[in-house]
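**Q** mmCIF, C-alpha atoms and all ligand atoms, file input_39.cif:
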data_input
#
loop_
_atom_site.label_atom_id
_atom_site.label_comp_id
_atom_site.auth_asym_id
_atom_site.auth_seq_id
_atom_site.Cartn_x
_atom_site.Cartn_y
_atom_site.Cartn_z
CA MET A 1 -5.65 21.63 -28.15
CA LYS A 2 -4.39 21.76 -24.60
CA LEU A 3 -6.88 22.09 -21.74
CA ASN A 4 -4.39 21.51 -18.98
CA GLN A 5 -4.63 24.64 -16.87
CA GLY A 6 -6.07 24.34 -13.38
CA ARG A 7 -4.74 22.11 -10.66
CA MET A 8 -3.06 18.94 -11.92
CA LEU A 9 -4.78 15.83 -10.55
CA THR A 10 -2.81 12.68 -9.85
CA SER A 11 -4.94 9.56 -10.07
CA MET A 12 -2.15 7.06 -9.90
CA PRO A 13 -1.71 4.45 -7.20
CA GLY A 14 0.59 6.59 -5.12
CA PRO A 15 1.75 9.08 -4.35
CA SER A 16 -1.86 10.06 -3.76
CA VAL A 17 -3.29 13.55 -3.46
CA ILE A 18 -2.02 15.37 -0.37
CA PRO A 19 -4.79 17.29 1.45
CA ASP A 20 -4.20 21.04 1.77
CA ARG A 21 -4.51 20.62 5.53
CA VAL A 22 -1.58 18.20 5.50
CA LEU A 23 0.51 20.39 3.21
CA GLY A 24 -0.25 23.39 5.39
CA ALA A 25 0.84 21.56 8.51
CA MET A 26 4.26 21.02 6.93
CA HIS A 27 4.86 24.76 6.67
CA THR A 28 6.66 25.14 9.92
CA ALA A 29 9.97 26.47 11.13
CA MET A 30 12.52 24.12 12.63
CA PRO A 31 11.67 23.39 16.26
CA ASN A 32 13.72 21.94 19.10
CA ILE A 33 14.10 18.30 18.12
CA TYR A 34 14.95 17.01 21.62
CA LYS A 35 11.96 18.17 23.63
CA GLY A 36 8.73 20.12 23.46
CA ALA A 37 5.99 20.20 20.85
CA LEU A 38 7.74 18.19 18.15
CA VAL A 39 8.58 15.30 20.44
CA GLU A 40 5.07 15.31 21.91
CA THR A 41 3.56 15.27 18.43
CA SER A 42 5.85 12.46 17.36
CA VAL A 43 5.05 10.40 20.46
CA SER A 44 1.33 10.86 19.79
CA ILE A 45 1.80 9.40 16.31
CA PHE A 46 3.74 6.39 17.56
CA ASP A 47 0.96 5.86 20.11
CA GLU A 48 -1.85 6.07 17.55
CA LEU A 49 -0.32 4.16 14.64
CA PRO A 50 -1.03 0.67 16.06
CA ALA A 51 -4.78 1.37 15.90
CA ILE A 52 -4.49 2.17 12.19
CA ALA A 53 -3.28 -1.40 11.59
CA ARG A 54 -5.62 -2.70 14.30
CA THR A 55 -2.83 -4.18 16.34
CA ALA A 56 -1.74 -4.14 19.97
CA GLY A 57 1.86 -4.36 18.70
CA ARG A 58 4.43 -1.62 18.21
CA ALA A 59 4.83 0.79 15.36
CA PHE A 60 8.17 1.96 13.99
CA MET A 61 8.66 4.88 11.64
CA ALA A 62 11.72 5.56 9.55
CA ILE A 63 12.73 8.27 7.14
CA SER A 64 12.19 6.14 4.05
CA ASN A 65 9.77 5.08 1.39
CA GLY A 66 8.08 1.68 1.24
CA HIS A 67 11.26 -0.01 0.06
CA GLY A 68 12.99 1.19 3.21
CA ALA A 69 10.16 -0.16 5.35
CA TRP A 70 10.55 -3.51 3.56
CA GLU A 71 14.22 -3.53 4.49
CA MET A 72 13.43 -2.59 8.09
CA SER A 73 10.99 -5.51 8.33
CA LEU A 74 13.52 -8.02 6.95
CA THR A 75 16.71 -6.95 8.72
CA ASN A 76 14.96 -6.94 12.08
CA THR A 77 13.48 -10.41 11.86
CA LEU A 78 15.68 -12.62 9.65
CA SER A 79 18.99 -14.38 9.97
CA ARG A 80 21.34 -15.32 7.16
CA GLY A 81 20.36 -18.64 5.61
CA ASP A 82 16.70 -18.40 6.66
CA THR A 83 14.21 -19.48 4.02
CA VAL A 84 11.60 -16.94 3.04
CA LEU A 85 8.42 -17.85 1.18
CA VAL A 86 7.27 -15.08 -1.13
CA LEU A 87 3.63 -15.09 -2.27
CA GLU A 88 3.66 -13.21 -5.56
CA SER A 89 0.56 -11.84 -7.27
CA GLY A 90 1.85 -8.91 -9.27
CA ARG A 91 5.19 -7.28 -8.83
CA PHE A 92 5.77 -6.08 -5.30
CA ALA A 93 6.18 -9.23 -3.20
CA VAL A 94 9.01 -10.39 -5.46
CA GLY A 95 10.72 -7.02 -5.04
CA TRP A 96 10.53 -7.43 -1.27
CA GLY A 97 11.80 -11.01 -1.61
CA ASP A 98 14.73 -9.84 -3.77
CA GLN A 99 15.81 -7.65 -0.88
CA ALA A 100 15.73 -10.69 1.41
CA ARG A 101 17.89 -12.64 -1.05
CA VAL A 102 20.51 -9.89 -1.24
CA LEU A 103 20.50 -9.71 2.56
CA GLY A 104 21.34 -13.41 2.76
CA ALA A 105 18.07 -15.34 2.86
CA GLU A 106 17.07 -18.29 0.68
CA VAL A 107 14.02 -17.15 -1.23
CA GLU A 108 11.29 -19.33 -2.66
CA VAL A 109 8.45 -17.81 -4.67
CA LEU A 110 4.93 -19.20 -4.82
CA TYR A 111 3.08 -17.54 -7.70
CA ALA A 112 -0.61 -16.74 -7.76
CA PRO A 113 -2.50 -17.89 -10.84
CA GLU A 114 -2.29 -15.46 -13.76
CA ARG A 115 -4.58 -12.42 -13.22
CA GLY A 116 -5.71 -13.75 -9.85
CA PRO A 117 -5.02 -13.64 -6.12
CA ILE A 118 -2.78 -15.80 -3.97
CA ASP A 119 -4.43 -19.17 -3.34
CA PRO A 120 -4.56 -19.80 0.44
CA GLY A 121 -4.91 -23.55 -0.23
CA ALA A 122 -1.58 -23.58 -2.09
CA VAL A 123 0.03 -21.73 0.81
CA GLU A 124 -1.26 -24.26 3.30
CA GLU A 125 -0.06 -27.15 1.16
CA ARG A 126 3.44 -25.66 0.80
CA LEU A 127 3.69 -25.00 4.52
CA ARG A 128 2.52 -28.51 5.44
CA ALA A 129 5.30 -29.89 3.23
CA ASP A 130 7.85 -27.86 5.20
CA THR A 131 7.95 -30.37 8.05
CA GLY A 132 11.35 -29.14 9.27
CA HIS A 133 10.08 -25.54 9.48
CA LYS A 134 12.88 -24.16 7.36
CA ILE A 135 10.61 -21.35 6.21
CA LYS A 136 11.02 -18.51 8.69
CA ALA A 137 8.92 -15.80 7.05
CA ILE A 138 6.04 -15.57 4.60
CA LEU A 139 5.81 -12.35 2.57
CA ALA A 140 2.52 -11.26 1.04
CA VAL A 141 1.08 -8.04 -0.36
CA GLN A 142 -2.49 -7.04 0.47
CA VAL A 143 -3.06 -4.89 -2.62
CA ASP A 144 -0.54 -5.19 -5.42
CA THR A 145 -0.58 -1.91 -7.31
CA ALA A 146 0.90 -3.45 -10.47
CA SER A 147 -1.77 -6.11 -10.99
CA GLY A 148 -4.56 -4.44 -9.02
CA VAL A 149 -5.18 -7.64 -7.07
CA TRP A 150 -6.66 -7.61 -3.58
CA ASN A 151 -5.39 -10.64 -1.69
CA ASP A 152 -7.36 -12.17 1.15
CA ILE A 153 -4.90 -11.62 3.99
CA ALA A 154 -7.28 -13.13 6.55
CA ALA A 155 -7.65 -16.36 4.53
CA ILE A 156 -3.88 -16.68 4.07
CA GLY A 157 -3.52 -16.17 7.83
CA ARG A 158 -6.00 -19.00 8.42
CA ALA A 159 -4.04 -21.22 6.01
CA ILE A 160 -0.82 -20.60 7.93
CA LYS A 161 -2.59 -21.43 11.16
CA ALA A 162 -4.21 -24.55 9.70
CA ALA A 163 -0.77 -25.78 8.63
CA GLY A 164 0.44 -25.20 12.19
CA HIS A 165 3.46 -23.38 10.80
CA PRO A 166 5.50 -21.04 13.05
CA ALA A 167 6.90 -18.72 10.34
CA LEU A 168 6.39 -14.99 10.70
CA TYR A 169 3.54 -13.72 8.55
CA MET A 170 4.61 -10.41 7.03
CA VAL A 171 2.26 -8.27 4.98
CA ASP A 172 2.89 -5.25 2.75
CA SER A 173 -0.10 -2.96 3.18
CA VAL A 174 1.57 0.09 1.63
CA ALA A 175 -1.18 0.53 -0.97
CA SER A 176 -4.07 -0.51 1.21
CA ILE A 177 -3.71 0.66 4.79
CA ALA A 178 -6.28 3.36 5.57
CA CYS A 179 -8.02 2.45 2.28
CA VAL A 180 -9.44 -1.02 2.91
CA GLU A 181 -10.10 -3.09 6.00
CA TYR A 182 -6.90 -4.27 7.64
CA LEU A 183 -7.02 -6.21 10.92
CA MET A 184 -3.45 -7.17 11.73
CA ASP A 185 -4.02 -9.01 15.01
CA GLU A 186 -7.30 -10.67 14.09
CA TRP A 187 -5.82 -12.00 10.85
CA GLY A 188 -2.70 -13.40 12.51
CA VAL A 189 -0.24 -11.03 10.85
CA ASP A 190 3.06 -10.61 12.72
CA VAL A 191 4.66 -7.77 10.75
CA THR A 192 2.97 -5.11 8.62
CA VAL A 193 4.75 -2.73 6.27
CA GLY A 194 3.32 0.64 5.27
CA GLY A 195 4.29 3.91 3.65
CA SER A 196 3.12 7.47 4.06
CA GLN A 197 2.20 8.40 0.49
CA LYS A 198 -0.88 6.34 -0.30
CA GLY A 199 -3.90 5.92 1.97
CA LEU A 200 -2.16 7.90 4.69
CA MET A 201 -2.15 11.06 2.52
CA VAL A 202 1.33 12.24 3.54
CA PRO A 203 4.14 12.91 1.04
CA PRO A 204 6.56 10.03 0.42
CA GLY A 205 9.25 9.90 3.07
CA LEU A 206 7.92 7.96 6.05
CA GLY A 207 8.11 4.19 6.11
CA MET A 208 6.24 2.31 8.82
CA VAL A 209 6.51 -1.14 10.23
CA TRP A 210 4.17 -2.65 12.79
CA ALA A 211 5.45 -5.62 14.81
CA ASN A 212 3.69 -7.87 17.29
CA ASP A 213 5.25 -9.60 20.30
CA LYS A 214 6.16 -12.68 18.28
CA ALA A 215 8.08 -10.56 15.77
CA LEU A 216 9.77 -8.58 18.55
CA ALA A 217 10.86 -11.84 20.18
CA VAL A 218 12.28 -13.22 16.90
CA HIS A 219 14.04 -9.88 16.49
CA GLN A 220 16.19 -10.55 19.56
CA ASN A 221 18.15 -13.24 17.71
CA ALA A 222 17.94 -11.93 14.15
CA ASP A 223 21.43 -11.61 12.69
CA MET A 224 20.59 -9.40 9.70
CA ARG A 225 20.15 -6.41 12.00
CA THR A 226 21.86 -3.22 10.83
CA PRO A 227 22.44 0.01 12.76
CA TYR A 228 20.02 2.23 10.89
CA TRP A 229 16.95 0.01 10.88
CA ASP A 230 17.49 -1.72 14.22
CA TRP A 231 14.31 -1.87 16.30
CA SER A 232 16.15 -2.30 19.62
CA ALA A 233 18.11 0.90 19.09
CA ARG A 234 14.93 2.72 18.11
CA LEU A 235 13.13 1.49 21.23
CA SER A 236 15.97 2.21 23.60
CA ASP A 237 16.11 5.95 23.52
CA ASP A 238 14.18 8.05 26.01
CA ALA A 239 15.30 11.32 24.45
CA HIS A 240 13.49 10.34 21.27
CA TYR A 241 16.46 11.05 18.98
CA MET A 242 17.01 7.38 18.21
CA ARG A 243 13.36 6.70 17.40
CA TYR A 244 14.33 7.87 13.92
CA CYS A 245 17.98 6.88 14.28
CA GLY A 246 18.92 10.55 14.08
CA THR A 247 17.20 13.81 13.33
CA ALA A 248 13.44 13.46 13.16
CA PRO A 249 11.56 14.07 9.87
CA ILE A 250 10.05 17.25 11.29
CA GLN A 251 7.74 18.30 8.46
CA HIS A 252 6.58 14.74 7.92
CA ILE A 253 5.73 14.43 11.60
CA TYR A 254 3.46 17.46 11.39
CA ALA A 255 1.99 16.14 8.14
CA MET A 256 1.33 12.76 9.71
CA ARG A 257 -0.31 14.42 12.72
CA ALA A 258 -2.71 16.29 10.45
CA ALA A 259 -3.45 13.16 8.41
CA LEU A 260 -4.15 11.07 11.51
CA ASP A 261 -6.50 13.81 12.75
CA MET A 262 -8.36 13.69 9.45
CA ILE A 263 -8.53 9.89 9.61
CA ALA A 264 -9.86 10.03 13.17
CA GLU A 265 -12.47 12.64 12.26
CA GLU A 266 -13.81 10.56 9.37
CA GLY A 267 -13.31 7.18 11.06
CA LEU A 268 -11.51 4.19 9.56
CA GLU A 269 -14.73 2.29 8.81
CA ALA A 270 -16.17 5.30 6.99
CA ILE A 271 -12.92 5.59 5.06
CA TRP A 272 -13.13 1.95 4.00
CA SER A 273 -16.74 2.51 2.88
CA ARG A 274 -15.84 5.64 0.92
CA HIS A 275 -13.10 3.73 -0.85
CA ALA A 276 -15.58 0.94 -1.63
CA VAL A 277 -17.93 3.44 -3.29
CA PHE A 278 -15.22 5.07 -5.40
CA ALA A 279 -13.81 1.69 -6.38
CA SER A 280 -17.30 0.60 -7.47
CA ALA A 281 -17.59 3.77 -9.52
CA VAL A 282 -14.26 3.07 -11.25
CA ARG A 283 -15.25 -0.53 -11.90
CA ALA A 284 -18.63 0.52 -13.28
CA ALA A 285 -16.81 2.80 -15.70
CA VAL A 286 -14.36 0.13 -16.86
CA GLU A 287 -17.23 -2.32 -17.29
CA ALA A 288 -19.19 0.19 -19.37
CA TRP A 289 -16.17 0.97 -21.55
CA HIS A 290 -15.43 -2.70 -22.20
CA VAL A 291 -15.79 -4.13 -25.70
CA ASP A 292 -14.15 -7.27 -27.08
CA GLY A 293 -10.53 -6.47 -27.83
CA GLY A 294 -10.74 -3.19 -25.90
CA LEU A 295 -10.40 -2.27 -22.24
CA GLU A 296 -10.83 -4.93 -19.58
CA PHE A 297 -9.93 -5.61 -15.95
CA ASN A 298 -6.64 -7.34 -15.31
CA ILE A 299 -8.07 -9.18 -12.31
CA VAL A 300 -10.66 -11.65 -13.49
CA ASP A 301 -12.52 -12.33 -10.23
CA PRO A 302 -14.52 -9.22 -9.22
CA ALA A 303 -14.11 -10.11 -5.54
CA HIS A 304 -10.34 -9.65 -5.83
CA ARG A 305 -10.31 -6.27 -7.60
CA SER A 306 -8.83 -3.80 -5.18
CA ASN A 307 -10.69 -0.89 -3.64
CA SER A 308 -7.57 1.29 -3.92
CA THR A 309 -6.18 0.56 -7.40
CA THR A 310 -7.60 -0.67 -10.69
CA THR A 311 -5.35 -2.10 -13.38
CA VAL A 312 -6.96 -1.92 -16.80
CA LEU A 313 -5.65 -3.96 -19.72
CA SER A 314 -5.85 -1.82 -22.82
CA GLY A 315 -6.28 -4.40 -25.59
CA SER A 316 -6.04 -2.70 -28.97
CA ILE A 317 -5.97 0.74 -27.35
CA ASP A 318 -2.60 2.46 -26.99
CA ALA A 319 -2.32 2.86 -23.20
CA GLU A 320 0.78 5.05 -23.36
CA ARG A 321 -0.93 7.46 -25.72
CA LEU A 322 -4.01 7.52 -23.50
CA CYS A 323 -1.87 8.38 -20.47
CA ALA A 324 0.02 11.01 -22.45
CA ILE A 325 -3.16 12.75 -23.64
CA CYS A 326 -4.57 12.73 -20.11
CA GLU A 327 -1.40 14.11 -18.60
CA HIS A 328 -0.13 16.60 -21.14
CA ASP A 329 -3.36 17.86 -22.65
CA ALA A 330 -5.84 17.43 -19.81
CA GLY A 331 -3.93 17.70 -16.51
CA LEU A 332 -4.63 14.18 -15.25
CA VAL A 333 -1.80 11.85 -14.25
CA LEU A 334 -2.67 8.15 -14.51
CA GLY A 335 -0.49 5.21 -13.54
CA ILE A 336 1.34 3.58 -16.41
CA GLY A 337 1.64 -0.20 -16.59
CA LEU A 338 4.48 -1.59 -14.46
CA GLY A 339 6.82 -4.47 -15.25
CA ASP A 340 5.10 -7.11 -17.37
CA PHE A 341 2.14 -4.77 -17.69
CA ALA A 342 4.13 -2.01 -19.40
CA GLY A 343 2.65 -0.84 -22.68
CA ARG A 344 -0.52 -2.91 -22.39
CA SER A 345 -2.29 -1.43 -19.41
CA PHE A 346 -2.88 1.67 -17.34
CA ARG A 347 -3.72 2.06 -13.69
CA ILE A 348 -6.20 4.23 -11.87
CA GLY A 349 -5.38 4.97 -8.26
CA HIS A 350 -8.42 5.60 -6.05
CA MET A 351 -6.88 5.96 -2.64
CA GLY A 352 -6.78 8.56 0.07
CA HIS A 353 -8.11 12.10 -0.11
CA LEU A 354 -10.86 11.71 -2.71
CA ASN A 355 -14.34 13.00 -3.38
CA PRO A 356 -16.78 12.62 -6.30
CA PRO A 357 -15.45 15.55 -8.34
CA MET A 358 -12.01 13.96 -8.26
CA VAL A 359 -13.12 10.42 -9.07
CA LEU A 360 -15.80 11.35 -11.61
CA GLY A 361 -13.48 13.97 -13.09
CA THR A 362 -10.81 11.33 -13.51
CA LEU A 363 -13.19 8.91 -15.21
CA ALA A 364 -14.80 11.51 -17.46
CA THR A 365 -11.37 12.78 -18.48
CA ILE A 366 -10.24 9.25 -19.37
CA GLU A 367 -13.44 8.87 -21.37
CA ALA A 368 -12.81 12.13 -23.19
CA ALA A 369 -9.28 11.01 -24.04
CA LEU A 370 -10.63 7.66 -25.29
CA HIS A 371 -13.06 9.51 -27.54
CA ALA A 372 -10.29 11.82 -28.71
CA MET A 373 -8.30 8.74 -29.73
CA LYS A 374 -11.36 7.27 -31.43
CA ALA A 375 -10.83 4.23 -29.22
CA PRO A 376 -13.49 1.53 -29.28
CA ILE A 377 -15.57 1.73 -26.11
CA GLY A 378 -18.98 0.35 -25.23
CA ALA A 379 -21.07 2.76 -23.21
CA SER A 380 -20.31 5.83 -21.12
CA GLY A 381 -18.21 4.90 -18.12
CA ALA A 382 -18.62 8.37 -16.66
CA ALA A 383 -22.40 7.98 -16.67
CA ALA A 384 -22.19 4.53 -15.07
CA ALA A 385 -19.86 5.87 -12.38
CA ALA A 386 -22.14 8.82 -11.67
CA GLN A 387 -24.98 6.38 -11.05
CA VAL A 388 -22.85 4.52 -8.48
CA VAL A 389 -22.08 7.78 -6.73
CA ALA A 390 -25.76 8.77 -6.87
CA ASP A 391 -26.78 5.50 -5.24
CA ALA A 392 -24.21 6.04 -2.51
CA LEU A 393 -25.38 9.61 -1.92
CA ASN A 394 -28.88 8.23 -1.43
CA SER A 395 -27.85 5.52 0.99
C1 LIG B 401 3.92 1.82 -3.51
C2 LIG B 401 4.15 0.44 -3.04
C3 LIG B 401 5.30 0.06 -2.30
C4 LIG B 401 6.42 0.95 -1.91
O1 LIG B 401 6.83 1.85 -2.76
P1 LIG B 401 7.90 2.97 -2.48
O2 LIG B 401 8.00 3.58 -3.82
O3 LIG B 401 9.16 2.31 -2.06
O4 LIG B 401 7.38 3.87 -1.43
C5 LIG B 401 5.36 -1.22 -1.83
N1 LIG B 401 4.39 -2.08 -2.05
C6 LIG B 401 3.28 -1.77 -2.73
C7 LIG B 401 2.21 -2.79 -2.91
C8 LIG B 401 3.13 -0.50 -3.25
O5 LIG B 401 2.03 -0.20 -3.93
#
Can you present the structure in this file as structure tokens?
**A**
Amino acid sequence: MKLNQGRMLTSMPGPSVIPDRVLGAMHTAMPNIYKGALVETSVSIFDELPAIARTAGRAFMAISNGHGAWEMSLTNTLSRGDTVLVLESGRFAVGWGDQARVLGAEVEVLYAPERGPIDPGAVEERLRADTGHKIKAILAVQVDTASGVWNDIAAIGRAIKAAGHPALYMVDSVASIACVEYLMDEWGVDVTVGGSQKGLMVPPGLGMVWANDKALAVHQNADMRTPYWDWSARLSDDAHYMRYCGTAPIQHIYAMRAALDMIAEEGLEAIWSRHAVFASAVRAAVEAWHVDGGLEFNIVDPAHRSNSTTTVLSGSIDAERLCAICEHDAGLVLGIGLGDFAGRSFRIGHMGHLNPPMVLGTLATIEAALHAMKAPIGASGAAAAAQVVADALNS
């Protein structure tokens, strides 16, 4: 029987749920794009974005998704023949590194241990061995939405510093910015990459890159620069038109304005805490469901399970069927397993515009689908998650 009427809920790791206030802000007629309200709104976003990444550096925004922001970060800072060290712990850093290879860089990949985070000690060791400083950039992902890992970006920054290595430290925070703590300057990050459709609660279509002074200085001599992504061109234009290298993404600018207002009203720290509560609720559910041979966390160390995404290995349970029941019969879209995880896992996104009915509804719906499949589960995950939410409501 189908029970899928009502509003469809997406609980995948991006795109996340768009608040009605953000959607409403996009309903606007085309304004003057050269001066007036649109330009003022856009300028206000460029001015406020650095604080979201906790940096005194500059923010750039392009009409793109996260992949576009990756390309902006690379073309603006690298030269052909540069060596790039990719720290892989899932799927996304390698994708970013593949772009660098196609653009003309030499790419070396340092893999995290299976089902774990990047090891800062291994990074330090590799960098110390690079006595000639051939490595020009280090690419890492804060939260990898394929594996569900939460890397310690601060510790990797300390490792780079301890090795005394001058490479640019570049971090993909697409799936974590405005979800979990991110302190770009304090952690020694030079370039941060973000996208609109996850913690920032805006539809896909805006890619962001934050750059500090060191990155902007390296940019001056980078020879991979291309006309569309070029930071210098985007910084040069007083009339604002070139900030986006052409017509501004009008509706996305209004969406972003509304989202930043919501973020400011709640406060970043409160947002990080809310994500911590919902992530604990999801983890309590997965723990309760666990039986030998059944569901289990992909990431072994609890300290490195992300507060924005949980990747669940499905064991003997058919993950594709579980996702299909949830989506087609119950109106809940989960994340399927990506890459190596395809067919043996599913992913729960818990990022952005979320409250207990959404998170508990997601978990109880998964539980109902598991029961419908007669899947082996331990105890009630929904009940365990409700207890976590109850404790938070009392605190
Ligand atoms: C979603 C995501 C991206 C970018 O994805 P796009 O589909 O290009 O917007 C990059 N990195 C991570 C870790 C992501 O989760």
**Q** Between atom CA of Thr55 of chain A and atom CA of Val193 of chain A, measure the distance and give it in Å to one decimal.
**A**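 We find that atom CA of Thr55 of chain A and atom CA of Val193 of chain A lie 12.7 Å from each other.
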**Q** Set the distance at 7 Å and use all atoms listed in the file: which residues neighbour Leu78 of chain A once local chain neighbours fewer than 4 positions away are removed? I'd like the list as a JSON list (two decimals) with C-alpha atoms, in the frame of the given file.
**A**
[["chain", "number", "residue", "atom", "x", "y", "z"],
["A", 74, "LEU", "CA", 13.52, -8.02, 6.95],
["A", 82, "ASP", "CA", 16.70, -18.40, 6.66],
["A", 222, "ALA", "CA", 17.94, -11.93, 14.15],
["A", 223, "ASP", "CA", 21.43, -11.61, 12.69],
["A", 224, "MET", "CA", 20.59, -9.40, 9.70]]
**Q** Hey, which residues come within 7 Å of ligand LIG 401 (chain B) if we count all atoms listed in the file? Could you give them as number ranges by chain?
**A** A: 13-14, 65-68, 92, 141, 143-145, 172-175, 195, 204
**Q** Can you pull out every residue within 10 Å of segment 109-116 of chain A, counting only C-alpha atoms, but drop anything in the same chain fewer than 2 positions away, and send it as a PyMOL selection string?
**A** chain A and resi 84-90+93-94+97+107+118-120+122-123+126+138-139+147-151+297-302+304-305
**Q** Find, counting all atoms listed in the file, the residue in A:Val209, A:Val39, A:Leu23, A:Val171 that gets nearest to Ile63 of chain A.
**A**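 Of the candidates, the smallest distance to Ile63 of chain A is held by A:Val209.
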**Q** Leaving out Met184 of chain A and any residue of its chain fewer than 2 positions from it, which residues lie within 6 Å of it when counting only C-alpha atoms, given as a list of chain:residue names?
**A**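 So, after excluding close chain neighbours, the residues are A:Ala53, A:Arg54, A:Thr55, A:Glu186, A:Trp187, A:Val189.
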**Q** So which one's closest to Ala140 of chain A, A:Ser236, A:Thr192, A:Thr28, A:Ser11? Using only C-alpha atoms, please.
**A**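 With only C-alpha atoms as the atom set, the closest residue is A:Thr192.
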**Q** Using all atoms listed in the file, find the one residue out of A:Leu235, A:Ala217, A:Ala105, A:Ile366 that sits nearest to Phe60 of chain A.
**A** A:Leu235
**Q** Nearest to Ala270 of chain A: which of A:Gly104, A:Val17, A:Glu181, A:Ile253 is it, counting all atoms listed in the file?
**A** A:Glu181
**Q** Give the answer as one residue: which of A:Ala368, A:Ile317, A:Met373, A:Ile135 has the shortest atom-to-atom distance to Ala330 of chain A, using all atoms listed in the file?
**A**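 Nearest candidate to Ala330 of chain A out of A:Ala368, A:Ile317, A:Met373, A:Ile135: A:Ala368.
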